[in-house]
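Below is one structure, written out as structure tokens; the observations come after it.
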Amino acid sequence: MARKKRRKQNKLAAYVLTTLILLVMFVGAVMILGNYHFNPSYEQSNVSAQHKKFINKILPKSVEMQRKYKILTSITIAQAILESDWGQSRLAAKYNNLFGVKAGPGQKSVTLDTTEYTSGSPVMVHGKFRVYDNWDESIEAHAFLLAHGTDWNPMQYKEVVDADNYVDSAKALSTDGYATDPAYAEKIIKIIKKYHLNQYDKQ
């Protein structure tokens with residue numbers, strides 16, 4: 001009887017020990033996976049919040065410009081993101097120019113280095129850029145430019161304005177000569193898709 005009882009106790013102890021080992025292994029695996037997949041760094045969280053803050057800041061004026069000039073809100077926001085590096089470029093942060101708009105004769109301006117593309121290759125040049133009092137003024141001037149064109153061609157950006165979807169509008173920015181970067185349209189489309197900016201085109 002004593003031997004039988006001891007055998008039972010040994011079996012029970014072995015079972016408990018095996019269960020504890022498996023439990024520890026399971027908890028360890030969950031912790032590792034949890035840290036890997038579900039704990040973004042502080043920097044990542046901060047960037048995400050910063051992006052959201054930037055979009056929310058320029059959204060009301062961008063929607064207003066869509067109603068006034070028919071420039072898709074997603075196009076305005078995506079261009080501002082790309083051209084100003086989320087409002088952090090020197091031109092945007094210090095001079096309130098979100099879109100890299102060049103200055104004409106008699107307009108308040110600042111001269112800064114910029115990258116232009118010649119035959120598909122980037123070249124650093126000096127550019128004379130518009131200076132604005134605030135971002136809303138920059139957004140309005142950008143929309144006015146697309147809607148009314150340039151002094152030498154009032155219809156220059158007609159395809160950008162007439163497009164009823166962001167893909168065609170982004171492609172028109174390139175074909176109509178807004179930017180010299182051959183990948184400009186592709187970059188704008190990628191930004192709109194990544195941040196679901198086309199949801200604002202319906203407002």
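A note on labels: chains of the structure tokens are A, B, ... as shown, every chain counts residues from 1, and ligands are counted from 1 in their shown order.
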
Close residues, A:Thr150 itself excluded, 12 Å, only C-alpha atoms, min 3 positions apart in chain, as a short mmCIF file (atom, residue, chain, number, x, y, z; two decimals) with N, CA and C atoms, in the first residue's frame:
```cif
data_model
loop_
_atom_site.label_atom_id
_atom_site.label_comp_id
_atom_site.auth_asym_id
_atom_site.auth_seq_id
_atom_site.Cartn_x
_atom_site.Cartn_y
_atom_site.Cartn_z
N VAL A 101 6.10 76.82 -53.39
CA VAL A 101 5.68 77.73 -54.45
C VAL A 101 6.74 78.82 -54.65
N LYS A 102 7.14 79.01 -55.91
CA LYS A 102 8.16 80.01 -56.23
C LYS A 102 7.54 81.42 -56.21
N ALA A 103 8.38 82.40 -55.96
CA ALA A 103 7.92 83.79 -55.89
C ALA A 103 8.03 84.47 -57.24
N GLY A 104 7.07 85.33 -57.51
CA GLY A 104 7.10 86.13 -58.73
C GLY A 104 7.62 87.53 -58.42
N ALA A 141 -3.22 80.08 -51.54
CA ALA A 141 -2.43 80.49 -52.71
C ALA A 141 -2.14 79.29 -53.61
N HIS A 142 -1.91 78.14 -53.00
CA HIS A 142 -1.65 76.91 -53.76
C HIS A 142 -2.90 76.51 -54.56
N PHE A 144 -5.36 78.46 -55.47
CA PHE A 144 -5.60 79.50 -56.48
C PHE A 144 -4.69 79.27 -57.70
N LEU A 145 -3.44 78.89 -57.44
CA LEU A 145 -2.49 78.61 -58.53
C LEU A 145 -2.98 77.46 -59.40
N LEU A 146 -3.43 76.36 -58.77
CA LEU A 146 -3.91 75.22 -59.54
C LEU A 146 -5.19 75.56 -60.30
N ALA A 147 -6.05 76.35 -59.69
CA ALA A 147 -7.33 76.69 -60.32
C ALA A 147 -7.18 77.70 -61.45
N ASN A 153 0.18 80.68 -68.70
CA ASN A 153 -0.77 79.64 -69.14
C ASN A 153 -1.85 79.44 -68.08
N PRO A 154 -2.96 80.17 -68.18
CA PRO A 154 -4.04 80.05 -67.19
C PRO A 154 -4.66 78.65 -67.11
N MET A 155 -4.47 77.85 -68.16
CA MET A 155 -5.06 76.51 -68.19
C MET A 155 -4.04 75.42 -67.84
N GLN A 156 -2.91 75.82 -67.30
CA GLN A 156 -1.81 74.87 -67.10
C GLN A 156 -2.20 73.66 -66.25
N TYR A 157 -2.97 73.88 -65.19
CA TYR A 157 -3.31 72.78 -64.28
C TYR A 157 -4.77 72.34 -64.41
N LYS A 158 -5.32 72.55 -65.59
CA LYS A 158 -6.73 72.22 -65.83
C LYS A 158 -7.04 70.75 -65.53
N ASP A 176 1.25 68.15 -66.13
CA ASP A 176 0.99 69.59 -66.30
C ASP A 176 2.17 70.45 -65.85
N GLY A 177 3.22 69.79 -65.35
CA GLY A 177 4.45 70.51 -65.04
C GLY A 177 4.55 71.16 -63.68
N TYR A 178 3.79 70.64 -62.69
CA TYR A 178 3.88 71.24 -61.35
C TYR A 178 5.26 70.97 -60.74
#
```

Nearby residues (only C-alpha atoms) at most 8 Å from stretch 81-94 of chain A, same-chain spacing under 6 positions excluded, as a list in words: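 Listing them by chain and then by number gives His51, Phe54, Gly100, Trp135, Lys187 and Ile188 of chain A.
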
All helix (DSSP H, G or I) residues (DSSP, backbone) inside stretch 81-194 of chain A, as JSON, numbers by chain: {"A": [81, 82, 83, 84, 90, 91, 92, 93, 94, 95, 135, 136, 137, 138, 139, 140, 141, 142, 143, 144, 145, 146, 147, 148, 158, 159, 160, 161, 162, 166, 167, 168, 169, 170, 171, 172, 173, 174, 175, 184, 185, 186, 187, 188, 189, 190, 191, 192, 193, 194]}

Put those residues in a file: C-alpha atoms, as a PDB file, in the first residue's frame.
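Writing the result to part35.pdb gives the following:
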```
ATOM      1  CA  ILE A  81       3.142  66.457 -46.535  1.00  0.00           C
ATOM      2  CA  LEU A  82       5.591  65.752 -49.348  1.00  0.00           C
ATOM      3  CA  GLU A  83       6.719  69.310 -50.040  1.00  0.00           C
ATOM      4  CA  SER A  84       7.076  70.446 -46.420  1.00  0.00           C
ATOM      5  CA  ARG A  90      12.689  75.376 -43.101  1.00  0.00           C
ATOM      6  CA  LEU A  91      10.507  76.854 -45.840  1.00  0.00           C
ATOM      7  CA  ALA A  92       7.331  75.657 -44.108  1.00  0.00           C
ATOM      8  CA  ALA A  93       8.311  76.162 -40.468  1.00  0.00           C
ATOM      9  CA  LYS A  94       9.912  79.602 -40.840  1.00  0.00           C
ATOM     10  CA  TYR A  95       8.269  81.048 -43.965  1.00  0.00           C
ATOM     11  CA  TRP A 135      -0.238  78.055 -43.431  1.00  0.00           C
ATOM     12  CA  ASP A 136      -3.842  78.898 -44.360  1.00  0.00           C
ATOM     13  CA  GLU A 137      -2.573  81.657 -46.646  1.00  0.00           C
ATOM     14  CA  SER A 138      -0.171  79.162 -48.247  1.00  0.00           C
ATOM     15  CA  ILE A 139      -2.964  76.619 -48.815  1.00  0.00           C
ATOM     16  CA  GLU A 140      -5.210  79.253 -50.401  1.00  0.00           C
ATOM     17  CA  ALA A 141      -2.433  80.485 -52.711  1.00  0.00           C
ATOM     18  CA  HIS A 142      -1.652  76.907 -53.760  1.00  0.00           C
ATOM     19  CA  ALA A 143      -5.303  76.200 -54.597  1.00  0.00           C
ATOM     20  CA  PHE A 144      -5.596  79.504 -56.481  1.00  0.00           C
ATOM     21  CA  LEU A 145      -2.492  78.613 -58.532  1.00  0.00           C
ATOM     22  CA  LEU A 146      -3.909  75.217 -59.536  1.00  0.00           C
ATOM     23  CA  ALA A 147      -7.328  76.689 -60.319  1.00  0.00           C
ATOM     24  CA  HIS A 148      -6.122  79.732 -62.296  1.00  0.00           C
ATOM     25  CA  LYS A 158      -6.727  72.222 -65.833  1.00  0.00           C
ATOM     26  CA  GLU A 159      -6.374  68.398 -65.709  1.00  0.00           C
ATOM     27  CA  VAL A 160      -5.494  68.556 -62.006  1.00  0.00           C
ATOM     28  CA  VAL A 161      -8.697  70.464 -61.238  1.00  0.00           C
ATOM     29  CA  ASP A 162     -10.946  68.520 -63.627  1.00  0.00           C
ATOM     30  CA  TYR A 166      -6.842  61.498 -56.680  1.00  0.00           C
ATOM     31  CA  VAL A 167      -4.933  59.120 -58.979  1.00  0.00           C
ATOM     32  CA  ASP A 168      -5.731  61.096 -62.140  1.00  0.00           C
ATOM     33  CA  SER A 169      -5.223  64.390 -60.322  1.00  0.00           C
ATOM     34  CA  ALA A 170      -1.804  63.311 -59.008  1.00  0.00           C
ATOM     35  CA  LYS A 171      -0.704  62.143 -62.464  1.00  0.00           C
ATOM     36  CA  ALA A 172      -1.846  65.473 -63.911  1.00  0.00           C
ATOM     37  CA  LEU A 173       0.414  67.321 -61.467  1.00  0.00           C
ATOM     38  CA  SER A 174       3.352  65.714 -63.264  1.00  0.00           C
ATOM     39  CA  THR A 175       2.088  65.970 -66.836  1.00  0.00           C
ATOM     40  CA  TYR A 184       6.222  63.035 -58.047  1.00  0.00           C
ATOM     41  CA  ALA A 185       2.812  61.563 -58.944  1.00  0.00           C
ATOM     42  CA  GLU A 186       3.784  58.168 -57.563  1.00  0.00           C
ATOM     43  CA  LYS A 187       4.883  59.740 -54.254  1.00  0.00           C
ATOM     44  CA  ILE A 188       1.624  61.701 -53.921  1.00  0.00           C
ATOM     45  CA  ILE A 189      -0.501  58.605 -54.618  1.00  0.00           C
ATOM     46  CA  LYS A 190       1.509  56.556 -52.110  1.00  0.00           C
ATOM     47  CA  ILE A 191       0.996  59.158 -49.360  1.00  0.00           C
ATOM     48  CA  ILE A 192      -2.753  59.363 -50.025  1.00  0.00           C
ATOM     49  CA  LYS A 193      -3.094  55.577 -49.877  1.00  0.00           C
ATOM     50  CA  LYS A 194      -0.954  55.191 -46.753  1.00  0.00           C
TER      51      LYS A 194
END
```

Residues near A:Gln107, cut-off 10 Å, only C-alpha atoms, skip fewer than 6 positions along chain, as JSON, numbers by chain: {"A": [128, 129, 130, 131, 132]}

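Here atom CA of A:Tyr200 and atom CA of A:Thr73 stand 6.1 Å from one another.
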
Point-to-point distance in Å for atom CA of A:Asp201 and atom CA of A:Ala80: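 Interatomic distance here is 15.5 Å.
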
Strand (DSSP E or B) per DSSP on the backbone: members of stretch 59-176 of chain A, as a ChimeraX atom specification: /A:102,109-118,121-130

Nearest-residue call for A:Asn198, choices A:Asp181, A:Ile75, A:Arg67, A:Asn56, using only C-alpha atoms: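 For A:Asn198, the nearest of the candidates is A:Ile75.
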